[in-house]
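The block underneath contains the structure these notes are about, expressed in structure tokens.
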Amino acid sequence: MRWLPLLILVAIALVGLRVYLTSRRRRASRREDWDAKLIRQLRDQGLDPFAAHEVDFFFDLPNHGAARSVSEKLKTEGFATDMQAHSEDDSERISLHARKSMRLVAEEVTALSERFKALAEGLGGHYDGWTVRRGA
């Protein structure tokens, strides 16, 4: 009888852990689904995902310091970057655009998206996604 409360607590903990892991997997899956879906759409439009393409990545950052930090990190990885200030709710924010020639492999693009999202959020900003430069 003394084991019954312990068994109930363990069961509750296991259910909680399962809910947490399932929600975490769904969040990652949505991001992966978006990147993979966009690559499929581009392929359906005739783009060869295995050839190198100019890919544009977009960030919204809270200040010049955060934008410079992201820009410097990306430049060491072979990205070209440019920044532009814009106003939002009476505060100045910085749009950062990064560009790199690369293949459109879903797993690689998803990994970049996840890393860029964490990088931007760590500096109080947002990662706004990517697109392929057409006609380049």
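By order in the structure tokens, chains are A, B, ...; within a chain, residues start at 1; ligands start at 1, following the order shown.
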Q: Mind listing the alpha helix (DSSP H) residues of chain A, per DSSP on the backbone, as a PyMOL selection string?
A: chain A and resi 3-44+64-76+106-122
(Q) Just checking: using only C-alpha atoms, which residue out of A:Met83, A:Ala36, A:Leu21, A:Ala111 ends up closest to His97 (chain A)? (A)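 Once distances to His97 (chain A) are computed over only C-alpha atoms, the minimum belongs to A:Met83.
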(Q) Can you pull out the residues contacting Lys117 (chain A)? Cut-off 10 Å, using only C-alpha atoms, and skip same-chain residues under 3 positions away; I want them as a list in words. (A)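 Listing them by chain and then by number gives Phe59, Ala111, Leu112, Ser113, Glu114, Ala120, Glu121, Gly122, Gly125, His126, Tyr127, Asp128 and Gly129 of chain A.
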Q: Could you find all residues in chain A that DSSP calls strand (DSSP E or B) from the backbone, and write them as a ChimeraX atom specification?
A: /A:53-61,80-88,91-102,126-132
Which residues, written as a short mmCIF file (atom, residue, chain, number, x, y, z; two decimals) with N, CA and C atoms, in the first residue's frame, have at least one atom at most 12 Å from Gly78 (chain A), with only C-alpha atoms counted and residues fewer than 2 positions away on the same chain left out?
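Result file is around_0.cif:
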data_model
loop_
_atom_site.label_atom_id
_atom_site.label_comp_id
_atom_site.auth_asym_id
_atom_site.auth_seq_id
_atom_site.Cartn_x
_atom_site.Cartn_y
_atom_site.Cartn_z
N SER A 71 25.95 39.74 -37.93
CA SER A 71 26.62 39.93 -39.21
C SER A 71 28.04 39.37 -39.17
N GLU A 72 28.79 39.67 -38.13
CA GLU A 72 30.16 39.19 -38.01
C GLU A 72 30.22 37.67 -37.94
N LYS A 73 29.29 37.07 -37.20
CA LYS A 73 29.24 35.61 -37.10
C LYS A 73 28.96 34.99 -38.46
N LEU A 74 27.98 35.55 -39.17
CA LEU A 74 27.62 34.99 -40.47
C LEU A 74 28.71 35.18 -41.51
N LYS A 75 29.41 36.31 -41.45
CA LYS A 75 30.50 36.55 -42.41
C LYS A 75 31.59 35.50 -42.27
N THR A 76 31.87 35.05 -41.04
CA THR A 76 32.89 34.02 -40.85
C THR A 76 32.45 32.68 -41.47
N ALA A 80 27.30 36.89 -47.11
CA ALA A 80 27.40 38.32 -47.34
C ALA A 80 26.23 38.95 -46.59
N THR A 81 26.44 40.08 -45.93
CA THR A 81 25.36 40.69 -45.15
C THR A 81 25.24 42.17 -45.44
N ALA A 98 21.12 38.43 -44.97
CA ALA A 98 22.31 37.62 -45.21
C ALA A 98 22.08 36.81 -46.48
N ARG A 99 23.14 36.62 -47.25
CA ARG A 99 23.01 35.93 -48.53
C ARG A 99 24.18 34.95 -48.67
N LYS A 100 23.84 33.77 -49.23
CA LYS A 100 24.87 32.77 -49.46
C LYS A 100 24.44 31.86 -50.60
N SER A 101 25.39 31.46 -51.41
CA SER A 101 25.12 30.50 -52.47
C SER A 101 25.20 29.11 -51.85
N MET A 102 24.11 28.33 -52.00
CA MET A 102 24.07 27.02 -51.37
C MET A 102 23.05 26.12 -52.04
#
**Q.** region 37-46 of chain A environment, 10 Å, only C-alpha atoms, sequence neighbours closer than 4 positions dropped, as a PyMOL selection string
**A.** chain A and resi 31-33+50+104-106+109+130-132
Based on the selection just made, write N, CA, C and O atoms of those residues as a PDB file, in the first residue's frame.
ATOM      1  N   ARG A  31       8.579  23.621 -38.124  1.00  0.00           N
ATOM      2  CA  ARG A  31       9.667  24.352 -38.778  1.00  0.00           C
ATOM      3  C   ARG A  31      10.212  23.532 -39.944  1.00  0.00           C
ATOM      4  O   ARG A  31      10.409  24.026 -41.025  1.00  0.00           O
ATOM      5  N   GLU A  32      10.454  22.235 -39.684  1.00  0.00           N
ATOM      6  CA  GLU A  32      10.970  21.368 -40.729  1.00  0.00           C
ATOM      7  C   GLU A  32       9.970  21.265 -41.870  1.00  0.00           C
ATOM      8  O   GLU A  32      10.347  21.319 -43.034  1.00  0.00           O
ATOM      9  N   ASP A  33       8.707  21.151 -41.533  1.00  0.00           N
ATOM     10  CA  ASP A  33       7.686  21.054 -42.564  1.00  0.00           C
ATOM     11  C   ASP A  33       7.666  22.309 -43.425  1.00  0.00           C
ATOM     12  O   ASP A  33       7.511  22.230 -44.638  1.00  0.00           O
ATOM     13  N   PHE A  50      19.508  20.725 -55.934  1.00  0.00           N
ATOM     14  CA  PHE A  50      20.864  20.224 -55.736  1.00  0.00           C
ATOM     15  C   PHE A  50      21.909  21.102 -56.403  1.00  0.00           C
ATOM     16  O   PHE A  50      23.100  20.878 -56.228  1.00  0.00           O
ATOM     17  N   LEU A 104      19.811  23.523 -51.806  1.00  0.00           N
ATOM     18  CA  LEU A 104      18.586  23.526 -50.996  1.00  0.00           C
ATOM     19  C   LEU A 104      18.261  22.119 -50.497  1.00  0.00           C
ATOM     20  O   LEU A 104      17.342  21.467 -50.965  1.00  0.00           O
ATOM     21  N   VAL A 105      19.032  21.658 -49.539  1.00  0.00           N
ATOM     22  CA  VAL A 105      18.813  20.362 -48.900  1.00  0.00           C
ATOM     23  C   VAL A 105      17.976  20.633 -47.649  1.00  0.00           C
ATOM     24  O   VAL A 105      18.392  21.400 -46.777  1.00  0.00           O
ATOM     25  N   ALA A 106      16.800  20.022 -47.581  1.00  0.00           N
ATOM     26  CA  ALA A 106      15.833  20.332 -46.519  1.00  0.00           C
ATOM     27  C   ALA A 106      16.452  20.250 -45.126  1.00  0.00           C
ATOM     28  O   ALA A 106      16.256  21.147 -44.305  1.00  0.00           O
ATOM     29  N   VAL A 109      18.844  23.255 -44.589  1.00  0.00           N
ATOM     30  CA  VAL A 109      18.136  24.532 -44.471  1.00  0.00           C
ATOM     31  C   VAL A 109      17.384  24.590 -43.144  1.00  0.00           C
ATOM     32  O   VAL A 109      17.376  25.619 -42.464  1.00  0.00           O
ATOM     33  N   TRP A 130      13.654  32.644 -44.974  1.00  0.00           N
ATOM     34  CA  TRP A 130      14.554  32.669 -46.125  1.00  0.00           C
ATOM     35  C   TRP A 130      13.762  32.583 -47.426  1.00  0.00           C
ATOM     36  O   TRP A 130      12.595  32.215 -47.432  1.00  0.00           O
ATOM     37  N   THR A 131      14.435  32.908 -48.491  1.00  0.00           N
ATOM     38  CA  THR A 131      13.865  32.759 -49.829  1.00  0.00           C
ATOM     39  C   THR A 131      15.014  32.595 -50.810  1.00  0.00           C
ATOM     40  O   THR A 131      16.160  32.864 -50.484  1.00  0.00           O
ATOM     41  N   VAL A 132      14.679  32.137 -52.002  1.00  0.00           N
ATOM     42  CA  VAL A 132      15.687  31.967 -53.046  1.00  0.00           C
ATOM     43  C   VAL A 132      15.609  33.156 -53.971  1.00  0.00           C
ATOM     44  O   VAL A 132      14.520  33.580 -54.381  1.00  0.00           O
TER      45      VAL A 132
END
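Proximity to Arg68 (chain A) was assessed for A:Leu17, A:Arg115, A:Thr22, A:Leu123 counting only C-alpha atoms; the smallest distance is recorded for A:Leu123.
Between CA of Leu47 (chain A) and CA of Trp34 (chain A) lies a distance of 17.1 Å.
CA of Ser69 (chain A) to CA of Arg133 (chain A) spans 24.5 Å [interatomic distance, one decimal].
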Q.
Would you compute the distance between CA of Phe79 (chain A) and CA of Ala67 (chain A)? Give it in Å to one decimal.
A. 13.8 Å
